[in-house]
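Colleague: So here's model.cif, just mmCIF, C-alpha atoms and all ligand atoms:
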data_data
#
loop_
_atom_site.label_atom_id
_atom_site.label_comp_id
_atom_site.auth_asym_id
_atom_site.auth_seq_id
_atom_site.Cartn_x
_atom_site.Cartn_y
_atom_site.Cartn_z
CA MET A 1 76.93 122.96 105.13
CA LYS A 2 79.01 120.70 102.95
CA LYS A 3 82.65 121.72 102.71
CA THR A 4 83.85 122.90 99.34
CA GLN A 5 87.49 123.29 100.29
CA ILE A 6 90.03 121.51 102.47
CA HIS A 7 92.95 123.52 103.81
CA ILE A 8 96.31 121.86 104.20
CA GLY A 9 99.41 122.88 106.16
CA LEU A 10 102.79 121.42 105.25
CA LEU A 11 105.71 121.22 107.66
CA GLY A 12 108.96 120.49 105.81
CA PHE A 13 109.69 121.87 102.33
CA GLY A 14 112.52 119.46 101.46
CA THR A 15 112.68 116.89 98.69
CA VAL A 16 109.47 115.04 99.56
CA GLY A 17 107.71 118.25 100.64
CA SER A 18 108.31 119.85 97.26
CA GLY A 19 107.16 116.61 95.59
CA VAL A 20 103.86 116.81 97.47
CA VAL A 21 103.42 120.47 96.48
CA LYS A 22 104.12 119.64 92.85
CA ILE A 23 101.55 116.84 92.78
CA LEU A 24 98.94 118.98 94.53
CA GLN A 25 99.48 121.63 91.86
CA GLU A 26 99.69 119.37 88.83
CA LYS A 27 96.79 117.09 89.77
CA ALA A 28 94.54 119.71 91.37
CA GLU A 29 91.76 119.17 88.84
CA LEU A 30 91.86 115.41 89.17
CA PHE A 31 91.61 115.59 92.98
CA GLU A 32 88.77 118.09 92.78
CA GLU A 33 86.92 115.83 90.39
CA GLN A 34 87.46 112.78 92.59
CA LEU A 35 86.65 114.44 95.90
CA GLY A 36 84.14 117.08 94.89
CA LEU A 37 86.14 119.71 96.75
CA LYS A 38 89.25 121.79 96.33
CA LEU A 39 92.52 121.08 98.11
CA ILE A 40 94.13 124.34 99.18
CA LEU A 41 97.72 124.37 100.37
CA LYS A 42 97.41 127.23 102.84
CA LYS A 43 100.78 127.27 104.60
CA ILE A 44 104.23 125.75 104.20
CA VAL A 45 106.54 125.96 107.21
CA ASP A 46 110.26 125.29 107.00
CA LYS A 47 113.44 126.57 108.68
CA ASP A 48 114.63 127.64 105.24
CA ILE A 49 112.15 129.50 103.09
CA THR A 50 114.64 131.28 100.86
CA THR A 51 116.38 128.48 98.94
CA LYS A 52 114.80 127.99 95.54
CA ARG A 53 112.84 124.72 95.15
CA ASP A 54 111.93 123.08 91.87
CA VAL A 55 108.33 124.13 92.36
CA GLU A 56 106.82 127.63 92.41
CA VAL A 57 104.63 128.73 95.32
CA ASN A 58 103.13 132.05 96.31
CA PRO A 59 105.69 133.49 98.81
CA SER A 60 102.84 134.60 101.09
CA ILE A 61 102.18 130.96 102.08
CA LEU A 62 105.77 130.39 103.29
CA SER A 63 106.60 130.77 106.96
CA THR A 64 109.20 129.73 109.51
CA ASN A 65 106.69 129.68 112.35
CA LEU A 66 104.98 126.39 113.33
CA GLU A 67 102.16 128.32 114.98
CA ASP A 68 101.09 129.59 111.57
CA ILE A 69 99.85 126.07 110.89
CA LEU A 70 98.90 124.97 114.40
CA LYS A 71 96.88 128.06 115.31
CA ASP A 72 95.09 128.45 112.01
CA PRO A 73 91.58 127.07 112.63
CA GLU A 74 90.95 126.84 108.91
CA ILE A 75 93.70 124.22 108.38
CA ASP A 76 92.09 120.75 108.47
CA ILE A 77 95.05 118.53 107.66
CA VAL A 78 98.74 118.90 108.45
CA ILE A 79 101.55 117.02 106.76
CA GLU A 80 104.70 116.50 108.82
CA LEU A 81 107.82 115.89 106.76
CA ILE A 82 110.67 117.10 108.93
CA GLY A 83 111.47 113.70 110.48
CA GLY A 84 113.25 113.13 113.79
CA TYR A 85 111.76 113.29 117.28
CA GLU A 86 111.49 117.00 118.08
CA PRO A 87 109.91 119.34 117.16
CA ALA A 88 107.99 116.76 115.07
CA ARG A 89 106.46 115.02 118.12
CA THR A 90 105.20 118.21 119.75
CA PHE A 91 103.95 119.48 116.41
CA ILE A 92 101.92 116.31 115.76
CA LEU A 93 100.52 116.10 119.29
CA THR A 94 99.51 119.76 119.24
CA ALA A 95 97.94 119.42 115.81
CA LEU A 96 95.87 116.42 117.00
CA GLN A 97 94.87 118.34 120.12
CA GLU A 98 93.67 121.17 117.87
CA GLY A 99 91.50 118.60 116.09
CA LYS A 100 93.63 118.61 112.94
CA ASN A 101 94.21 115.41 111.01
CA VAL A 102 97.84 114.47 110.54
CA VAL A 103 99.81 112.80 107.75
CA THR A 104 103.38 111.81 108.52
CA ALA A 105 106.25 109.83 107.03
CA ASN A 106 108.11 109.81 110.34
CA LYS A 107 108.90 106.15 111.06
CA ALA A 108 111.41 106.84 113.86
CA LEU A 109 108.85 108.94 115.70
CA LEU A 110 106.05 106.39 115.30
CA ALA A 111 108.31 103.53 116.38
CA LYS A 112 109.02 105.35 119.64
CA TYR A 113 105.88 107.36 120.45
CA TRP A 114 103.19 105.21 118.83
CA GLU A 115 101.03 104.88 121.94
CA GLU A 116 101.18 108.56 122.83
CA ILE A 117 100.35 109.60 119.27
CA PHE A 118 97.47 107.16 118.76
CA LEU A 119 96.00 107.89 122.18
CA ALA A 120 95.94 111.57 121.21
CA SER A 121 94.44 110.74 117.82
CA ASN A 122 91.75 108.75 119.60
CA LYS A 123 91.12 111.33 122.31
CA TYR A 124 90.75 114.28 119.94
CA SER A 125 89.04 112.31 117.17
CA ALA A 126 91.63 113.32 114.63
CA SER A 127 93.03 110.92 112.03
CA ILE A 128 96.61 110.03 111.47
CA GLY A 129 97.95 108.68 108.18
CA PHE A 130 101.39 107.11 107.90
CA GLU A 131 101.45 105.21 104.61
CA ALA A 132 104.76 106.88 103.67
CA SER A 133 106.50 105.67 106.82
CA VAL A 134 107.17 102.17 105.44
CA GLY A 135 107.99 101.14 101.90
CA GLY A 136 107.78 104.60 100.27
CA GLY A 137 105.34 104.36 97.39
CA ILE A 138 104.19 100.78 98.08
CA PRO A 139 100.61 100.87 99.40
CA LEU A 140 101.46 98.55 102.24
CA ILE A 141 99.81 100.07 105.31
CA LEU A 142 96.50 100.33 103.50
CA SER A 143 96.83 96.73 102.29
CA ILE A 144 97.51 95.39 105.77
CA ARG A 145 94.79 97.49 107.40
CA GLN A 146 92.12 97.02 104.77
CA GLY A 147 93.00 94.60 102.01
CA LEU A 148 94.13 91.86 104.39
CA ILE A 149 91.58 92.51 107.13
CA ALA A 150 90.12 88.99 106.88
CA ASN A 151 93.51 87.34 107.32
CA LYS A 152 95.54 86.24 110.24
CA ILE A 153 99.00 87.36 109.20
CA THR A 154 101.54 84.76 110.21
CA SER A 155 104.82 86.13 108.88
CA ILE A 156 106.50 89.17 107.35
CA PHE A 157 109.90 89.23 105.69
CA GLY A 158 110.83 92.72 104.55
CA ILE A 159 113.61 94.36 102.63
CA ILE A 160 112.62 97.77 103.91
CA ASN A 161 115.83 99.74 103.83
CA GLY A 162 116.83 100.67 100.31
CA THR A 163 120.28 101.90 101.33
CA CYS A 164 121.29 98.54 102.82
CA ASN A 165 119.86 96.67 99.87
CA TYR A 166 121.80 98.94 97.51
CA ILE A 167 125.03 98.35 99.47
CA LEU A 168 124.63 94.56 99.62
CA ASP A 169 123.69 94.49 95.95
CA LYS A 170 126.76 96.56 94.97
CA MET A 171 128.93 94.20 97.01
CA ALA A 172 127.38 91.18 95.29
CA GLN A 173 127.18 92.45 91.72
CA GLU A 174 130.29 94.60 91.52
CA ASP A 175 132.54 92.78 93.91
CA LYS A 176 132.91 95.80 96.21
CA GLU A 177 133.75 95.94 99.90
CA PHE A 178 131.27 97.45 102.36
CA ASN A 179 132.95 100.87 102.79
CA GLN A 180 133.20 101.48 99.06
CA ALA A 181 129.55 100.51 98.54
CA LEU A 182 128.46 102.77 101.43
CA LYS A 183 130.33 105.66 99.88
CA GLU A 184 128.49 105.10 96.62
CA ALA A 185 125.13 104.93 98.42
CA LYS A 186 125.89 108.26 100.09
CA ASN A 187 126.97 109.85 96.82
CA ALA A 188 123.77 108.64 95.17
CA GLY A 189 121.81 110.38 97.97
CA TYR A 190 120.15 107.23 99.31
CA ALA A 191 121.44 107.05 102.88
CA GLU A 192 119.68 108.86 105.73
CA THR A 193 121.34 112.06 107.01
CA ASP A 194 122.76 109.85 109.72
CA PRO A 195 123.65 106.67 107.77
CA THR A 196 124.10 104.67 110.96
CA LEU A 197 120.30 104.46 111.15
CA ASP A 198 120.42 102.58 107.84
CA ILE A 199 123.52 100.42 108.17
CA GLU A 200 123.02 99.50 111.83
CA GLY A 201 119.53 98.21 110.97
CA LYS A 202 117.67 100.79 113.06
CA ASP A 203 115.66 102.23 110.17
CA THR A 204 114.54 98.69 109.30
CA SER A 205 113.49 98.09 112.91
CA HIS A 206 111.52 101.36 113.03
CA LYS A 207 109.57 100.24 109.97
CA LEU A 208 109.25 96.66 111.21
CA ALA A 209 107.77 97.94 114.51
CA ILE A 210 105.03 99.69 112.53
CA LEU A 211 104.34 96.74 110.23
CA THR A 212 104.37 94.12 112.97
CA SER A 213 102.11 96.12 115.24
CA LEU A 214 99.55 96.53 112.47
CA ALA A 215 99.82 92.95 111.27
CA PHE A 216 99.67 91.30 114.71
CA GLY A 217 97.33 93.82 116.32
CA GLN A 218 99.44 94.69 119.33
CA TRP A 219 102.01 97.38 119.81
CA ILE A 220 105.58 96.18 119.44
CA GLY A 221 108.03 99.03 119.97
CA ASP A 222 111.42 99.01 118.28
CA GLU A 223 113.05 98.52 121.70
CA ASN A 224 111.62 94.97 121.58
CA ILE A 225 113.25 94.22 118.26
CA TYR A 226 116.64 92.51 118.15
CA THR A 227 118.61 94.66 115.68
CA GLU A 228 121.85 93.93 113.87
CA GLY A 229 123.13 95.87 110.86
CA ILE A 230 125.24 94.99 107.84
CA THR A 231 128.58 96.58 108.79
CA ARG A 232 130.37 93.29 109.44
CA ILE A 233 129.37 91.63 106.16
CA THR A 234 132.29 91.28 103.76
CA LYS A 235 132.57 90.55 100.07
CA LYS A 236 133.88 87.13 101.06
CA ASP A 237 130.65 86.28 102.95
CA ILE A 238 128.60 87.18 99.90
CA LEU A 239 130.75 84.91 97.72
CA TYR A 240 130.56 81.98 100.14
CA ALA A 241 126.82 82.48 100.52
CA ARG A 242 126.43 82.37 96.74
CA GLU A 243 128.46 79.19 96.54
CA LEU A 244 126.12 77.65 99.10
CA GLY A 245 123.07 78.76 97.08
CA TYR A 246 122.07 81.82 99.12
CA ALA A 247 121.89 85.62 98.85
CA ILE A 248 122.49 87.91 101.83
CA LYS A 249 119.78 90.51 102.51
CA LEU A 250 119.06 92.76 105.47
CA LEU A 251 115.63 91.51 106.50
CA GLY A 252 113.08 92.72 108.99
CA ILE A 253 111.47 89.45 110.12
CA ALA A 254 108.31 88.99 112.14
CA LYS A 255 106.52 85.70 112.58
CA ILE A 256 104.26 83.86 114.92
CA VAL A 257 105.87 80.61 116.02
CA GLN A 258 103.92 78.46 118.48
CA ASP A 259 101.88 81.39 119.74
CA LYS A 260 104.88 83.60 120.36
CA ILE A 261 106.05 86.53 118.27
CA GLU A 262 109.53 86.47 116.81
CA VAL A 263 110.62 89.89 115.64
CA ARG A 264 114.14 90.77 114.54
CA THR A 265 116.28 92.68 112.06
CA HIS A 266 119.56 91.22 110.84
CA PRO A 267 121.48 90.21 107.72
CA THR A 268 119.92 86.97 106.55
CA MET A 269 120.92 84.28 104.07
CA ILE A 270 117.95 83.35 101.92
CA PRO A 271 117.79 80.83 99.06
CA GLU A 272 118.98 82.41 95.83
CA LYS A 273 115.87 81.15 94.06
CA HIS A 274 113.51 83.00 96.42
CA LEU A 275 111.83 86.11 94.94
CA LEU A 276 113.33 88.35 97.63
CA SER A 277 116.83 87.44 96.41
CA ASP A 278 116.03 89.18 93.12
CA VAL A 279 115.20 92.50 94.77
CA ASN A 280 118.06 94.70 93.64
CA GLY A 281 119.33 98.23 94.18
CA VAL A 282 117.30 100.55 96.39
CA TYR A 283 114.07 98.67 95.81
CA ASN A 284 112.02 97.43 98.76
CA ALA A 285 109.99 94.24 98.94
CA ILE A 286 107.79 92.83 101.63
CA TYR A 287 106.77 89.19 101.65
CA ILE A 288 103.70 88.58 103.80
CA GLU A 289 101.82 85.38 104.55
CA GLY A 290 98.14 85.54 105.39
CA ASP A 291 96.14 82.48 106.41
CA LEU A 292 93.65 83.09 103.58
CA THR A 293 95.78 84.70 100.89
CA GLY A 294 98.89 82.57 101.28
CA PRO A 295 102.11 84.36 100.34
CA LEU A 296 102.01 87.89 98.92
CA LEU A 297 104.84 90.01 97.61
CA PHE A 298 104.78 93.81 97.63
CA TYR A 299 107.56 95.36 95.57
CA GLY A 300 108.49 98.91 94.65
CA GLN A 301 110.45 102.05 95.41
CA GLY A 302 110.85 102.40 99.16
CA ALA A 303 112.00 106.01 99.10
CA GLY A 304 112.36 108.98 96.77
CA LYS A 305 110.45 112.14 96.08
CA LEU A 306 107.57 110.98 93.90
CA PRO A 307 106.92 107.49 95.36
CA THR A 308 106.85 108.92 98.89
CA SER A 309 104.65 111.82 97.78
CA SER A 310 102.26 109.29 96.27
CA ALA A 311 101.83 107.66 99.70
CA ILE A 312 101.31 111.04 101.40
CA ILE A 313 98.59 112.07 98.96
CA SER A 314 96.93 108.68 99.42
CA ASP A 315 96.67 109.36 103.18
CA LEU A 316 95.38 112.84 102.49
CA ILE A 317 92.62 111.54 100.24
CA ASN A 318 91.69 108.71 102.60
CA ILE A 319 91.34 111.17 105.47
CA ILE A 320 89.14 113.45 103.39
CA ARG A 321 87.01 110.49 102.32
CA GLY A 322 86.69 109.53 105.97
CA SER A 323 88.19 106.10 105.45
CA ASN A 324 91.17 106.65 107.74
CA ASN A 325 91.36 105.70 111.38
CA LYS A 326 90.88 107.94 114.37
CA GLY A 327 93.18 106.25 116.84
CA ASP A 328 91.58 102.85 116.27
CA ILE A 329 94.97 101.29 115.64
CA TYR A 330 95.97 101.92 119.20
CA SER A 331 92.85 100.32 120.58
CA ILE A 332 92.94 97.08 118.57
CA PRO A 333 91.77 94.71 121.29
CA ASN A 334 93.48 91.60 119.96
CA HIS A 335 95.03 88.89 122.05
CA LYS A 336 98.44 89.74 123.43
CA LEU A 337 101.13 87.34 122.38
CA GLU A 338 104.43 87.14 124.16
CA ILE A 339 107.52 88.32 122.29
CA LYS A 340 110.08 85.56 122.20
CA ALA A 341 113.48 86.41 123.68
CA MET A 342 116.15 86.40 120.97
CA GLU A 343 118.10 83.72 122.89
CA GLU A 344 115.14 81.34 122.37
CA VAL A 345 114.89 81.89 118.61
CA LYS A 346 115.92 78.87 116.52
CA SER A 347 117.74 79.22 113.23
CA LYS A 348 120.28 77.66 110.96
CA TYR A 349 123.57 79.54 110.93
CA TYR A 350 126.43 80.43 108.65
CA ILE A 351 129.61 81.00 110.68
CA ARG A 352 132.88 82.48 109.45
CA PHE A 353 135.85 81.84 111.71
CA SER A 354 139.28 83.42 111.21
CA ALA A 355 141.48 80.56 112.32
CA LEU A 356 145.11 79.53 112.26
CA ASP A 357 145.66 77.00 109.49
CA ARG A 358 146.74 74.11 111.74
CA PRO A 359 145.68 70.51 112.38
CA GLY A 360 143.24 70.17 115.27
CA VAL A 361 141.65 73.63 114.91
CA LEU A 362 138.46 72.26 113.35
CA ALA A 363 138.23 69.56 116.02
CA ALA A 364 138.43 72.19 118.77
CA ILE A 365 135.70 74.31 117.13
CA SER A 366 133.35 71.41 116.50
CA GLY A 367 133.94 70.09 120.02
CA ILE A 368 132.65 73.34 121.53
CA LEU A 369 129.73 73.51 119.10
CA GLY A 370 128.86 69.95 120.13
CA GLU A 371 128.84 70.92 123.79
CA TYR A 372 126.16 73.49 122.96
CA ARG A 373 124.07 70.97 120.95
CA ILE A 374 124.97 72.62 117.64
CA SER A 375 125.21 70.20 114.76
CA ILE A 376 127.34 71.04 111.71
CA ALA A 377 125.83 70.65 108.24
CA SER A 378 128.89 71.53 106.14
CA VAL A 379 132.37 73.03 106.32
CA ILE A 380 134.40 74.92 103.71
CA GLN A 381 138.04 75.84 103.94
CA LYS A 382 139.57 76.99 100.69
CA GLU A 383 142.39 79.26 101.73
CA ARG A 384 145.84 78.12 102.82
CA GLY A 385 148.18 80.30 104.83
CA ASP A 386 148.67 81.65 108.29
CA VAL A 387 145.15 82.79 109.18
CA VAL A 388 142.33 81.46 107.00
CA SER A 389 138.54 81.69 106.79
CA VAL A 390 136.72 78.56 107.89
CA ILE A 391 133.06 78.57 106.90
CA MET A 392 130.44 76.41 108.59
CA LEU A 393 126.75 75.88 108.02
CA THR A 394 124.88 74.46 110.97
CA HIS A 395 121.58 72.70 111.39
CA GLU A 396 118.94 74.47 113.43
CA ALA A 397 120.22 75.71 116.79
CA LYS A 398 119.13 78.04 119.54
CA GLU A 399 120.47 81.60 119.36
CA GLY A 400 121.49 81.55 123.04
CA ASP A 401 123.51 78.36 122.51
CA MET A 402 125.13 79.79 119.39
CA LYS A 403 126.15 83.02 121.12
CA ASN A 404 127.64 81.12 124.08
CA ALA A 405 129.52 78.71 121.83
CA ILE A 406 130.97 81.55 119.74
CA LYS A 407 132.08 83.36 122.90
CA ARG A 408 134.03 80.24 123.94
CA ILE A 409 135.44 79.60 120.47
CA ASP A 410 136.61 83.19 120.09
CA LYS A 411 138.76 82.73 123.19
CA LEU A 412 140.74 79.85 121.63
CA ASN A 413 144.27 80.97 120.82
CA THR A 414 143.93 79.45 117.36
CA ILE A 415 141.08 81.86 116.54
CA LYS A 416 142.17 85.28 115.37
CA GLY A 417 139.46 87.93 115.41
CA LYS A 418 135.74 87.92 116.11
CA SER A 419 133.75 85.18 114.36
CA LEU A 420 130.78 86.26 112.26
CA ILE A 421 127.38 84.58 112.28
CA ILE A 422 124.64 85.05 109.69
CA ARG A 423 121.22 83.51 110.29
CA VAL A 424 119.79 81.39 107.47
CA GLU A 425 116.07 81.42 106.57
CA GLU A 426 114.98 78.67 104.20
CA MET A 427 111.74 80.63 103.48
CA GLU A 428 109.81 77.43 102.74
N1 LIG A 501 116.95 105.56 104.32
C1 LIG A 501 115.73 104.92 103.96
C2 LIG A 501 116.11 103.77 103.05
C3 LIG A 501 114.83 105.89 103.25
O1 LIG A 501 117.28 103.64 102.69
O2 LIG A 501 115.25 102.97 102.73
C4 LIG A 501 113.38 105.61 103.34
O3 LIG A 501 112.89 105.38 104.61
#
Here is the file; what I need is its structure written in the form of structure tokens.

Modeller:
Amino acid sequence: MKKTQIHIGLLGFGTVGSGVVKILQEKAELFEEQLGLKLILKKIVDKDITTKRDVEVNPSILSTNLEDILKDPEIDIVIELIGGYEPARTFILTALQEGKNVVTANKALLAKYWEEIFLASNKYSASIGFEASVGGGIPLILSIRQGLIANKITSIFGIINGTCNYILDKMAQEDKEFNQALKEAKNAGYAETDPTLDIEGKDTSHKLAILTSLAFGQWIGDENIYTEGITRITKKDILYARELGYAIKLLGIAKIVQDKIEVRTHPTMIPEKHLLSDVNGVYNAIYIEGDLTGPLLFYGQGAGKLPTSSAIISDLINIIRGSNNKGDIYSIPNHKLEIKAMEEVKSKYYIRFSALDRPGVLAAISGILGEYRISIASVIQKERGDVVSVIMLTHEAKEGDMKNAIKRIDKLNTIKGKSLIIRVEEME
């Protein structure tokens, strides 16, 4: 008999959870018209079921017990919105085992337990949707999995952490230092509960693991991704970068270079005229190159109640229409490319040294760089005084050589403090 109703269980009645409930209520007729069946929100589970939300629900559907969703045979689809590893992991695995389809926004969980989750999805023939895990409301996962299916994706450059983009933007536009900008991001409610996930680049790497694995057809866990955050970037670096014609963005980068995968998260200098330089505030943007499409730019709100809810509902509808996967992502049988060690990656570099303002200092620095085959493209020293910033741009060099050279230079007694490097992508 054809189903006339689909029962949904929601775990997590926070900001996004209440957004999903609101949309399910407000657009119930539209969904029924489109799907030919009714969507029934049967249970909402949360630790806190007493605080008033900005949406009304029948109190009888609220519970604090996960089993009320997991053991209800009538519930077809569960939505997990509590984040973190546990109990989210066990909840998802049990739901799949019970044959329930799952929708999740949990990027940290997917970046760590991808194989386990997709094997379970495959084994129990239950779908898993995760559009909301990367890029909030931007329909990115669907585009990579379906819209770009005929392409070989060769590179991804993503601004996929709104908090970091907001901080860097505040520093650039309002001449603020990092700590002040972070404080403002927290006050505006953008940062994760634990902001280190944002500012240390980990949230970007979680999302990059998901994108890269889909785009390149092989699982690349976040433990394989070189990750550096934005905590050492100063207002001064942003000003120097601007003078040199660049903006500084925290990018998740994945590309295939000579049949090896490069995948890394770090602050990056990109040409000011590139479209990604104009992505301001908490917005996300993902620049993807396909062999058939050429460059594509996806832009939009990477977080927030309604954009994220939009992605969740999209998964829900795709599962009901039967157009979602059942573990197929895990079993993509593509060729396995080696992941390039970070030391082997080649890049141009911006370097900021804190050096004593004395004759011979520059000669000592450039001598060591020369020993490591690093060629200097330009030098700026504007300040005069005791300790000054010396800025260098290099030609392309190997990361391993750069790290070794900097280690040696930082031991010179004319260098005061740790030197900072920022990788430069010309994005041609
Ligand atoms: N903390 C994340 C960000 C939220 O700043 O983009 C969405 O994943």

Colleague: Could you work out how far atom CA of A:Lys183 lies from atom CA of A:Thr163, giving the answer in Å with one decimal?

Modeller: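 Interatomic distance, atom CA of A:Thr163 to atom CA of A:Lys183: 10.8 Å.
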
Colleague: Find the residues around A:Ala188 up to 12 Å (only C-alpha atoms counted), leave out those fewer than 2 positions away in its own chain, and share them as an MDAnalysis selection string.

Modeller: chainID A and resid 162:163 166:167 181:186 190:192 281:282 304

Colleague: Suppose you want the space between atom CA of A:Ile159 and atom CA of A:Ile138; what is it in Å?

Modeller: 12.3 Å

Colleague: Scan for residues within 10 Å of the point (136.3, 88.7, 116.8) in the coordinates of the file, using all atoms listed in the file, and reply as an MDAnalysis selection string.

Modeller: chainID A and resid 353:354 406:407 409:411 415:420

Colleague: I'd like the contact shell of A:Glu228 - 7 Å cut-off, all atoms listed in the file, skipping same-chain residues fewer than 4 positions apart - returned as a ChimeraX atom specification.

Modeller: /A:200-201,265-266

Colleague: Atom CA of A:Ile92 and atom CA of A:Leu62 are how many Å apart?

Modeller: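 Between atom CA of A:Ile92 and atom CA of A:Leu62 the gap works out to 19.2 Å.
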
Colleague: List as a list in words the protein and nucleic acid residues near A:Ile365, meaning an atom at most 10 Å away when all atoms listed in the file are counted, but skip any in the same chain fewer than 2 places from it.

Modeller: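 These residues fall inside the cut-off: Phe353, Ala355, Gly360, Val361, Leu362, Ala363, Gly367, Ile368, Leu369, Gly370, Ala405, Ile406, Arg408, Ile409, Asp410, Leu412, Thr414 and Ile415 of chain A.
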
Colleague: Please identify all polymer residues within 9 Å of A:Asp386, counting only C-alpha atoms, omitting same-chain residues fewer than 2 positions from it, and present them as number ranges by chain.

Modeller: A: 355-358, 384, 388

Colleague: Go through A:Ala341, A:Ile40, A:Val279, A:Ile238 and flag the residue nearest A:Ile391, using all atoms listed in the file for the distances.

Modeller: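 With all atoms listed in the file as the atom set, the closest residue is A:Ile238.
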
Colleague: Between A:Asn161, A:Asn187, A:Thr193, A:Thr268, which is the closest to ligand LIG 501 (chain A) once you count all atoms listed in the file?

Modeller: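 That would be A:Asn161, the residue with the smallest distance to ligand LIG 501 (chain A).
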
Colleague: Considering all atoms listed in the file, can you say which of A:Glu383, A:Asp46, A:Glu80, A:Asp198 comes closest to ligand LIG 501 (chain A)?

Modeller: A:Asp198

Colleague: Might you pull out every residue within 10 Å of A:Glu74, with only C-alpha atoms counted and same-chain residues fewer than 4 positions away left off, and present them as a ChimeraX atom specification?

Modeller: /A:5-9,42,69-70,100

Colleague: With distances taken over all atoms listed in the file, which of A:Asn413, A:Ser277, A:Ser133, A:Thr231 is nearest to ligand LIG 501 (chain A)?

Modeller: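 The shortest atom-to-atom distance to ligand LIG 501 (chain A) comes from A:Ser133.
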
Colleague: Model the absent atoms of stretch 70-75 of chain A so that all heavy atoms are present, and write the result as an mmCIF file, in the coordinates of the input.

Modeller:
data_model
loop_
_atom_site.group_PDB
_atom_site.id
_atom_site.type_symbol
_atom_site.label_atom_id
_atom_site.label_comp_id
_atom_site.auth_asym_id
_atom_site.auth_seq_id
_atom_site.Cartn_x
_atom_site.Cartn_y
_atom_site.Cartn_z
ATOM 1 N N LEU A 70 99.615 125.531 113.234
ATOM 2 C CA LEU A 70 98.900 124.970 114.400
ATOM 3 C C LEU A 70 97.747 125.852 114.871
ATOM 4 O O LEU A 70 96.726 125.353 115.334
ATOM 5 C CB LEU A 70 99.896 124.742 115.541
ATOM 6 C CG LEU A 70 100.932 123.645 115.274
ATOM 7 C CD1 LEU A 70 101.981 123.617 116.371
ATOM 8 C CD2 LEU A 70 100.254 122.283 115.152
ATOM 9 N N LYS A 71 97.921 127.167 114.767
ATOM 10 C CA LYS A 71 96.880 128.060 115.310
ATOM 11 C C LYS A 71 95.912 128.572 114.250
ATOM 12 O O LYS A 71 95.089 129.442 114.526
ATOM 13 C CB LYS A 71 97.551 129.254 116.032
ATOM 14 C CG LYS A 71 98.344 128.862 117.273
ATOM 15 C CD LYS A 71 97.427 128.317 118.376
ATOM 16 C CE LYS A 71 98.243 127.683 119.493
ATOM 17 N NZ LYS A 71 97.545 126.584 120.175
ATOM 18 N N ASP A 72 96.026 128.022 113.062
ATOM 19 C CA ASP A 72 95.090 128.450 112.010
ATOM 20 C C ASP A 72 93.889 127.498 112.013
ATOM 21 O O ASP A 72 93.993 126.352 111.566
ATOM 22 C CB ASP A 72 95.794 128.422 110.648
ATOM 23 C CG ASP A 72 94.881 128.938 109.532
ATOM 24 O OD1 ASP A 72 93.641 128.943 109.731
ATOM 25 O OD2 ASP A 72 95.404 129.322 108.481
ATOM 26 N N PRO A 73 92.737 127.975 112.502
ATOM 27 C CA PRO A 73 91.580 127.070 112.630
ATOM 28 C C PRO A 73 91.071 126.550 111.292
ATOM 29 O O PRO A 73 90.370 125.531 111.235
ATOM 30 C CB PRO A 73 90.526 127.927 113.335
ATOM 31 C CG PRO A 73 90.978 129.334 113.178
ATOM 32 C CD PRO A 73 92.448 129.339 112.938
ATOM 33 N N GLU A 74 91.453 127.255 110.221
ATOM 34 C CA GLU A 74 90.950 126.840 108.910
ATOM 35 C C GLU A 74 91.688 125.597 108.378
ATOM 36 O O GLU A 74 91.171 124.863 107.532
ATOM 37 C CB GLU A 74 91.140 128.005 107.923
ATOM 38 C CG GLU A 74 90.016 128.098 106.930
ATOM 39 C CD GLU A 74 90.237 129.236 105.934
ATOM 40 O OE1 GLU A 74 91.376 129.725 105.777
ATOM 41 O OE2 GLU A 74 89.255 129.602 105.297
ATOM 42 N N ILE A 75 92.920 125.358 108.889
ATOM 43 C CA ILE A 75 93.700 124.220 108.380
ATOM 44 C C ILE A 75 93.158 122.908 108.955
ATOM 45 O O ILE A 75 93.106 122.716 110.170
ATOM 46 C CB ILE A 75 95.211 124.400 108.669
ATOM 47 C CG1 ILE A 75 95.734 125.571 107.811
ATOM 48 C CG2 ILE A 75 95.995 123.113 108.407
ATOM 49 C CD1 ILE A 75 97.217 125.853 107.929
#
